[in-house]
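S.K.: Structure supplied as model23.pdb; contents: PDB, N, CA and C atoms.
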```
ATOM      1  N   MET A   1       6.329   9.018 -27.944
ATOM      2  CA  MET A   1       6.475   7.642 -27.520
ATOM      3  C   MET A   1       7.947   7.307 -27.338
ATOM      4  N   ASN A   2       8.184   6.423 -26.403
ATOM      5  CA  ASN A   2       9.555   6.047 -26.124
ATOM      6  C   ASN A   2       9.786   4.600 -26.565
ATOM      7  N   LYS A   3       9.895   4.405 -27.851
ATOM      8  CA  LYS A   3      10.162   3.059 -28.380
ATOM      9  C   LYS A   3      11.606   2.698 -28.100
ATOM     10  N   GLY A   4      11.877   1.415 -28.047
ATOM     11  CA  GLY A   4      13.244   0.978 -27.811
ATOM     12  C   GLY A   4      13.641   1.019 -26.352
ATOM     13  N   LEU A   5      12.668   1.097 -25.456
ATOM     14  CA  LEU A   5      12.952   1.134 -24.029
ATOM     15  C   LEU A   5      13.720  -0.113 -23.594
ATOM     16  N   ILE A   6      13.322  -1.245 -24.125
ATOM     17  CA  ILE A   6      13.916  -2.517 -23.737
ATOM     18  C   ILE A   6      14.685  -3.102 -24.911
ATOM     19  N   ASP A   7      15.912  -3.520 -24.676
ATOM     20  CA  ASP A   7      16.695  -4.216 -25.697
ATOM     21  C   ASP A   7      16.160  -5.639 -25.784
ATOM     22  N   LYS A   8      15.473  -5.938 -26.867
ATOM     23  CA  LYS A   8      14.811  -7.232 -27.016
ATOM     24  C   LYS A   8      15.784  -8.412 -26.961
ATOM     25  N   LYS A   9      17.039  -8.202 -27.310
ATOM     26  CA  LYS A   9      18.015  -9.286 -27.313
ATOM     27  C   LYS A   9      18.542  -9.586 -25.917
ATOM     28  N   ALA A  10      18.424  -8.617 -25.023
ATOM     29  CA  ALA A  10      19.015  -8.801 -23.689
ATOM     30  C   ALA A  10      18.049  -8.347 -22.604
ATOM     31  N   ILE A  11      16.803  -8.813 -22.665
ATOM     32  CA  ILE A  11      15.836  -8.422 -21.639
ATOM     33  C   ILE A  11      16.267  -9.019 -20.303
ATOM     34  N   LYS A  12      16.333  -8.144 -19.305
ATOM     35  CA  LYS A  12      16.694  -8.542 -17.955
ATOM     36  C   LYS A  12      15.713  -7.893 -16.994
ATOM     37  N   ASN A  13      15.452  -8.544 -15.884
ATOM     38  CA  ASN A  13      14.587  -7.947 -14.883
ATOM     39  C   ASN A  13      15.239  -6.672 -14.362
ATOM     40  N   SER A  14      14.437  -5.616 -14.265
ATOM     41  CA  SER A  14      14.948  -4.315 -13.840
ATOM     42  C   SER A  14      13.793  -3.489 -13.291
ATOM     43  N   TYR A  15      14.024  -2.194 -13.068
ATOM     44  CA  TYR A  15      12.967  -1.315 -12.564
ATOM     45  C   TYR A  15      11.808  -1.189 -13.548
ATOM     46  N   CYS A  16      12.049  -1.431 -14.828
ATOM     47  CA  CYS A  16      10.991  -1.236 -15.820
ATOM     48  C   CYS A  16      10.540  -2.527 -16.500
ATOM     49  N   PHE A  17      11.095  -3.646 -16.099
ATOM     50  CA  PHE A  17      10.682  -4.921 -16.689
ATOM     51  C   PHE A  17      10.903  -6.047 -15.696
ATOM     52  N   PHE A  18       9.894  -6.894 -15.560
ATOM     53  CA  PHE A  18       9.998  -8.073 -14.705
ATOM     54  C   PHE A  18       9.157  -9.178 -15.321
ATOM     55  N   GLU A  19       9.787 -10.293 -15.619
ATOM     56  CA  GLU A  19       9.069 -11.435 -16.192
ATOM     57  C   GLU A  19       9.141 -12.592 -15.201
ATOM     58  N   ASN A  20       7.989 -13.009 -14.708
ATOM     59  CA  ASN A  20       7.922 -14.065 -13.699
ATOM     60  C   ASN A  20       7.453 -15.369 -14.337
ATOM     61  N   LYS A  21       8.374 -16.127 -14.875
ATOM     62  CA  LYS A  21       8.033 -17.383 -15.547
ATOM     63  C   LYS A  21       7.629 -18.465 -14.558
ATOM     64  N   ASP A  22       7.860 -18.246 -13.267
ATOM     65  CA  ASP A  22       7.465 -19.217 -12.253
ATOM     66  C   ASP A  22       6.017 -19.026 -11.787
ATOM     67  N   CYS A  23       5.375 -17.970 -12.223
ATOM     68  CA  CYS A  23       3.986 -17.703 -11.843
ATOM     69  C   CYS A  23       3.073 -18.800 -12.387
ATOM     70  N   GLU A  24       2.126 -19.230 -11.584
ATOM     71  CA  GLU A  24       1.217 -20.287 -12.022
ATOM     72  C   GLU A  24       0.342 -19.858 -13.200
ATOM     73  N   TYR A  25       0.209 -18.562 -13.452
ATOM     74  CA  TYR A  25      -0.613 -18.057 -14.552
ATOM     75  C   TYR A  25       0.202 -17.685 -15.792
ATOM     76  N   PHE A  26       1.511 -17.816 -15.716
ATOM     77  CA  PHE A  26       2.376 -17.420 -16.844
ATOM     78  C   PHE A  26       2.262 -18.435 -17.977
ATOM     79  N   PRO A  27       2.110 -17.986 -19.195
ATOM     80  CA  PRO A  27       1.850 -16.605 -19.614
ATOM     81  C   PRO A  27       0.362 -16.300 -19.507
ATOM     82  N   CYS A  28       0.045 -15.165 -18.944
ATOM     83  CA  CYS A  28      -1.359 -14.776 -18.762
ATOM     84  C   CYS A  28      -1.962 -14.269 -20.071
ATOM     85  N   HIS A  29      -1.130 -13.798 -20.965
ATOM     86  CA  HIS A  29      -1.580 -13.328 -22.275
ATOM     87  C   HIS A  29      -0.765 -14.025 -23.349
ATOM     88  N   GLN A  30      -1.434 -14.471 -24.376
ATOM     89  CA  GLN A  30      -0.767 -15.142 -25.489
ATOM     90  C   GLN A  30      -0.332 -14.112 -26.532
ATOM     91  N   GLY A  31       0.643 -14.474 -27.333
ATOM     92  CA  GLY A  31       1.046 -13.621 -28.447
ATOM     93  C   GLY A  31       2.180 -12.657 -28.162
ATOM     94  N   LEU A  32       2.688 -12.636 -26.951
ATOM     95  CA  LEU A  32       3.815 -11.758 -26.618
ATOM     96  C   LEU A  32       5.075 -12.602 -26.461
ATOM     97  N   GLN A  33       6.162 -12.132 -27.044
ATOM     98  CA  GLN A  33       7.428 -12.845 -26.895
ATOM     99  C   GLN A  33       7.940 -12.724 -25.466
ATOM    100  N   HIS A  34       7.806 -11.532 -24.896
ATOM    101  CA  HIS A  34       8.192 -11.267 -23.512
ATOM    102  C   HIS A  34       7.015 -10.590 -22.825
ATOM    103  N   VAL A  35       6.675 -11.050 -21.632
ATOM    104  CA  VAL A  35       5.556 -10.498 -20.876
ATOM    105  C   VAL A  35       6.098  -9.721 -19.687
ATOM    106  N   ASN A  36       5.817  -8.428 -19.644
ATOM    107  CA  ASN A  36       6.229  -7.622 -18.508
ATOM    108  C   ASN A  36       5.210  -7.826 -17.392
ATOM    109  N   CYS A  37       5.614  -8.548 -16.354
ATOM    110  CA  CYS A  37       4.739  -8.870 -15.228
ATOM    111  C   CYS A  37       4.730  -7.759 -14.179
ATOM    112  N   LEU A  38       5.510  -6.722 -14.388
ATOM    113  CA  LEU A  38       5.584  -5.621 -13.435
ATOM    114  C   LEU A  38       4.198  -5.032 -13.171
ATOM    115  N   PHE A  39       3.389  -4.950 -14.220
ATOM    116  CA  PHE A  39       2.028  -4.450 -14.082
ATOM    117  C   PHE A  39       1.044  -5.615 -14.188
ATOM    118  N   CYS A  40       1.251  -6.620 -13.369
ATOM    119  CA  CYS A  40       0.354  -7.777 -13.364
ATOM    120  C   CYS A  40      -1.081  -7.287 -13.186
ATOM    121  N   TYR A  41      -1.291  -6.445 -12.211
ATOM    122  CA  TYR A  41      -2.571  -5.743 -12.079
ATOM    123  C   TYR A  41      -2.367  -4.393 -12.747
ATOM    124  N   CYS A  42      -3.147  -4.114 -13.744
ATOM    125  CA  CYS A  42      -2.951  -2.896 -14.531
ATOM    126  C   CYS A  42      -3.260  -1.635 -13.721
ATOM    127  N   PRO A  43      -2.304  -0.725 -13.595
ATOM    128  CA  PRO A  43      -2.540   0.516 -12.856
ATOM    129  C   PRO A  43      -3.467   1.476 -13.604
ATOM    130  N   LEU A  44      -3.790   1.155 -14.855
ATOM    131  CA  LEU A  44      -4.670   2.002 -15.658
ATOM    132  C   LEU A  44      -6.114   1.495 -15.657
ATOM    133  N   TYR A  45      -6.376   0.424 -14.953
ATOM    134  CA  TYR A  45      -7.692  -0.219 -14.998
ATOM    135  C   TYR A  45      -8.838   0.741 -14.685
ATOM    136  N   LEU A  46      -8.679   1.579 -13.701
ATOM    137  CA  LEU A  46      -9.765   2.471 -13.290
ATOM    138  C   LEU A  46      -9.934   3.687 -14.194
ATOM    139  N   MET A  47      -9.046   3.859 -15.172
ATOM    140  CA  MET A  47      -9.128   4.996 -16.080
ATOM    141  C   MET A  47      -9.991   4.659 -17.289
ATOM    142  N   GLU A  48     -10.882   5.581 -17.622
ATOM    143  CA  GLU A  48     -11.737   5.402 -18.804
ATOM    144  C   GLU A  48     -10.886   5.387 -20.075
ATOM    145  N   ASP A  49      -9.898   6.281 -20.138
ATOM    146  CA  ASP A  49      -9.006   6.374 -21.304
ATOM    147  C   ASP A  49      -7.659   5.730 -20.964
ATOM    148  N   CYS A  50      -7.650   4.435 -20.833
ATOM    149  CA  CYS A  50      -6.518   3.713 -20.268
ATOM    150  C   CYS A  50      -5.374   3.398 -21.243
ATOM    151  N   MET A  51      -5.491   3.684 -22.506
ATOM    152  CA  MET A  51      -4.447   3.439 -23.513
ATOM    153  C   MET A  51      -4.444   2.004 -24.033
ATOM    154  N   GLY A  52      -5.170   1.116 -23.410
ATOM    155  CA  GLY A  52      -5.243  -0.270 -23.851
ATOM    156  C   GLY A  52      -6.425  -0.488 -24.781
ATOM    157  N   ASN A  53      -6.867  -1.728 -24.883
ATOM    158  CA  ASN A  53      -8.017  -2.017 -25.744
ATOM    159  C   ASN A  53      -9.055  -2.861 -24.996
ATOM    160  N   PRO A  54      -9.623  -2.285 -23.919
ATOM    161  CA  PRO A  54     -10.607  -3.050 -23.162
ATOM    162  C   PRO A  54     -11.939  -3.160 -23.908
ATOM    163  N   VAL A  55     -12.725  -4.116 -23.469
ATOM    164  CA  VAL A  55     -14.093  -4.276 -23.941
ATOM    165  C   VAL A  55     -14.975  -4.051 -22.720
ATOM    166  N   TYR A  56     -16.095  -3.385 -22.925
ATOM    167  CA  TYR A  56     -17.004  -3.161 -21.799
ATOM    168  C   TYR A  56     -18.185  -4.099 -21.932
ATOM    169  N   ILE A  57     -18.472  -4.803 -20.847
ATOM    170  CA  ILE A  57     -19.588  -5.727 -20.840
ATOM    171  C   ILE A  57     -20.588  -5.277 -19.769
ATOM    172  N   GLU A  58     -21.809  -5.688 -19.922
ATOM    173  CA  GLU A  58     -22.861  -5.353 -18.971
ATOM    174  C   GLU A  58     -23.162  -6.605 -18.149
ATOM    175  N   LYS A  59     -23.174  -6.449 -16.836
ATOM    176  CA  LYS A  59     -23.496  -7.565 -15.958
ATOM    177  C   LYS A  59     -24.287  -7.031 -14.767
ATOM    178  N   ASP A  60     -25.456  -7.572 -14.579
ATOM    179  CA  ASP A  60     -26.333  -7.153 -13.482
ATOM    180  C   ASP A  60     -26.559  -5.643 -13.488
ATOM    181  N   GLY A  61     -26.692  -5.072 -14.686
ATOM    182  CA  GLY A  61     -26.949  -3.646 -14.817
ATOM    183  C   GLY A  61     -25.736  -2.759 -14.618
ATOM    184  N   LYS A  62     -24.563  -3.355 -14.494
ATOM    185  CA  LYS A  62     -23.331  -2.582 -14.303
ATOM    186  C   LYS A  62     -22.421  -2.731 -15.514
ATOM    187  N   LYS A  63     -21.737  -1.655 -15.850
ATOM    188  CA  LYS A  63     -20.744  -1.661 -16.930
ATOM    189  C   LYS A  63     -19.414  -2.120 -16.341
ATOM    190  N   ILE A  64     -18.867  -3.202 -16.871
ATOM    191  CA  ILE A  64     -17.625  -3.775 -16.350
ATOM    192  C   ILE A  64     -16.557  -3.766 -17.437
ATOM    193  N   LYS A  65     -15.374  -3.351 -17.080
ATOM    194  CA  LYS A  65     -14.240  -3.302 -18.002
ATOM    195  C   LYS A  65     -13.606  -4.694 -18.072
ATOM    196  N   ASP A  66     -13.556  -5.249 -19.264
ATOM    197  CA  ASP A  66     -12.979  -6.577 -19.480
ATOM    198  C   ASP A  66     -11.661  -6.406 -20.230
ATOM    199  N   CYS A  67     -10.555  -6.695 -19.561
ATOM    200  CA  CYS A  67      -9.222  -6.473 -20.125
ATOM    201  C   CYS A  67      -8.492  -7.771 -20.472
ATOM    202  N   LYS A  68      -9.222  -8.876 -20.526
ATOM    203  CA  LYS A  68      -8.538 -10.160 -20.717
ATOM    204  C   LYS A  68      -7.765 -10.253 -22.025
ATOM    205  N   ASN A  69      -8.146  -9.492 -23.031
ATOM    206  CA  ASN A  69      -7.430  -9.527 -24.307
ATOM    207  C   ASN A  69      -6.492  -8.342 -24.501
ATOM    208  N   CYS A  70      -6.309  -7.544 -23.474
ATOM    209  CA  CYS A  70      -5.424  -6.373 -23.556
ATOM    210  C   CYS A  70      -4.023  -6.736 -23.081
ATOM    211  N   THR A  71      -3.038  -6.433 -23.888
ATOM    212  CA  THR A  71      -1.645  -6.714 -23.511
ATOM    213  C   THR A  71      -0.827  -5.437 -23.308
ATOM    214  N   PHE A  72      -1.464  -4.288 -23.394
ATOM    215  CA  PHE A  72      -0.733  -3.018 -23.324
ATOM    216  C   PHE A  72       0.214  -2.921 -22.123
ATOM    217  N   PRO A  73      -0.234  -3.170 -20.882
ATOM    218  CA  PRO A  73       0.687  -3.021 -19.749
ATOM    219  C   PRO A  73       1.759  -4.103 -19.684
ATOM    220  N   HIS A  74       1.603  -5.164 -20.460
ATOM    221  CA  HIS A  74       2.551  -6.279 -20.430
ATOM    222  C   HIS A  74       3.587  -6.217 -21.543
ATOM    223  N   GLN A  75       3.452  -5.242 -22.441
ATOM    224  CA  GLN A  75       4.433  -5.071 -23.510
ATOM    225  C   GLN A  75       5.615  -4.272 -22.959
ATOM    226  N   PRO A  76       6.818  -4.812 -23.054
ATOM    227  CA  PRO A  76       7.993  -4.173 -22.450
ATOM    228  C   PRO A  76       8.191  -2.700 -22.818
ATOM    229  N   ASP A  77       7.876  -2.305 -24.026
ATOM    230  CA  ASP A  77       8.122  -0.921 -24.449
ATOM    231  C   ASP A  77       7.128   0.090 -23.879
ATOM    232  N   ASN A  78       6.113  -0.348 -23.163
ATOM    233  CA  ASN A  78       5.082   0.576 -22.694
ATOM    234  C   ASN A  78       5.284   1.086 -21.268
ATOM    235  N   TYR A  79       6.348   0.707 -20.613
ATOM    236  CA  TYR A  79       6.587   1.139 -19.226
ATOM    237  C   TYR A  79       6.556   2.663 -19.091
ATOM    238  N   ASN A  80       7.352   3.376 -19.873
ATOM    239  CA  ASN A  80       7.417   4.838 -19.754
ATOM    240  C   ASN A  80       6.093   5.502 -20.106
ATOM    241  N   LEU A  81       5.361   4.952 -21.063
ATOM    242  CA  LEU A  81       4.051   5.505 -21.417
ATOM    243  C   LEU A  81       3.080   5.388 -20.239
ATOM    244  N   ILE A  82       3.113   4.265 -19.561
ATOM    245  CA  ILE A  82       2.231   4.052 -18.413
ATOM    246  C   ILE A  82       2.607   4.989 -17.261
ATOM    247  N   ILE A  83       3.884   5.100 -16.974
ATOM    248  CA  ILE A  83       4.333   5.990 -15.894
ATOM    249  C   ILE A  83       3.942   7.439 -16.201
ATOM    250  N   GLN A  84       4.118   7.855 -17.440
ATOM    251  CA  GLN A  84       3.737   9.232 -17.828
ATOM    252  C   GLN A  84       2.250   9.442 -17.670
ATOM    253  N   LYS A  85       1.448   8.478 -18.067
ATOM    254  CA  LYS A  85      -0.005   8.570 -17.939
ATOM    255  C   LYS A  85      -0.404   8.704 -16.466
ATOM    256  N   LEU A  86       0.230   7.927 -15.597
ATOM    257  CA  LEU A  86      -0.069   8.003 -14.172
ATOM    258  C   LEU A  86       0.327   9.357 -13.584
ATOM    259  N   LYS A  87       1.441   9.901 -14.039
ATOM    260  CA  LYS A  87       1.887  11.212 -13.554
ATOM    261  C   LYS A  87       0.924  12.322 -13.969
ATOM    262  N   ASN A  88       0.330  12.192 -15.149
ATOM    263  CA  ASN A  88      -0.544  13.233 -15.680
ATOM    264  C   ASN A  88      -1.959  13.168 -15.135
ATOM    265  N   ASN A  89      -2.285  12.121 -14.415
ATOM    266  CA  ASN A  89      -3.655  12.011 -13.875
ATOM    267  C   ASN A  89      -3.692  12.183 -12.394
TER     268      ASN A  89
END
```
Could you render the structure as structure tokens?
M.R.:
Amino acid sequence: MNKGLIDKKAIKNSYCFFENKDCEYFPCHQGLQHVNCLFCYCPLYLMEDCMGNPVYIEKDGKKIKDCKNCTFPHQPDNYNLIIQKLKNN
């Protein structure tokens, strides 16, 4: 794991972090001091083993991934983990 990716005292928008406080949905997830909006749509959504904490619900006979309570892609320190996961798949 690559902890310490982002200096919490001096978070700035960059290639690995972007916080859009002007977004009408900001903050989309509660409980985070800083929300990385770079992965607004999670690139791991289609993966069964996505590294987050999704819940699966059944609707009309289909299994649907519900990520509304998952903050994994929005945590600043997870950028490198997500990129590595995408490279390996």
S.K.: Give the centre and edge lengths of an axis-aligned box, in Å to one decimal, that holds all listed atoms of stretch 76-79 of chain A with 8 Å on each side, as AutoDock Vina command-line options.
M.R.:
```
--center_x 6.6 --center_y -1.1 --center_z -21.8 --size_x 19.1 --size_y 23.5 --size_z 21.4
```
S.K.: Once you count all atoms listed in the file, which residues end up no further than 5 Å from (6.1, -7.9, -12.8) in the file's frame, shown as a PyMOL selection string?
M.R.: chain A and resi 18+36-39
S.K.: Atom N of A:Gly52 to atom CA of A:Asp22: how many Å, to one decimal?
M.R.: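 Separation between atom N of A:Gly52 and atom CA of A:Asp22: 26.4 Å.
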S.K.: DSSP on the backbone: what in chain A comes out strand (DSSP E or B), as a ChimeraX atom specification?
M.R.: /A:14,17,55-59,62-66
S.K.: Using all atoms listed in the file, what table do you get, as a tab-separated table, when you list each residue of stretch 16-50 of chain A with an atom no more than 8 Å from stretch 64-79 of chain A, its nearest pair of atoms, and their distance in Å rounded to one decimal, rows by chain then rising number?
M.R.:
```
residue	atom	partner	partner_atom	distance
A:Cys16	C	A:Tyr79	CA	6.0
A:Phe17	CA	A:Pro76	CA	6.4
A:Phe18	N	A:Pro76	CA	7.6
A:Cys28	C	A:Lys68	C	7.3
A:His29	CA	A:Thr71	CA	6.7
A:Gln30	N	A:Asn69	CA	7.8
A:Leu32	CA	A:Gln75	CA	7.4
A:His34	C	A:His74	C	5.7
A:Val35	C	A:His74	C	4.7
A:Asn36	N	A:His74	C	3.7
A:Cys37	N	A:His74	CA	5.6
A:Leu38	N	A:His74	CA	6.7
A:Phe39	CA	A:Pro73	C	5.6
A:Cys40	N	A:Pro73	C	6.8
A:Tyr41	C	A:Pro73	CA	7.8
A:Cys42	CA	A:Pro73	CA	6.4
A:Pro43	N	A:Pro73	CA	7.2
A:Leu44	N	A:Pro73	CA	7.8
A:Tyr45	C	A:Lys65	CA	7.5
```
S.K.: Give me, please, the distance in Å between atom CA of A:Phe26 and atom CA of A:Ile82, quoted to one decimal.
M.R.: 21.5 Å
S.K.: In Å, rounded to a single decimal, give me how far atom CA of A:Asn80 is from atom CA of A:Asp49.
M.R.: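 Between atom CA of A:Asp49 and atom CA of A:Asn80 the gap works out to 16.6 Å.
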S.K.: If DSSP is run on the backbone, what residues of chain A are helix (DSSP H, G or I)? A reply as a ChimeraX atom specification would be ideal.
M.R.: /A:8-10,37-39,72-74,76-88
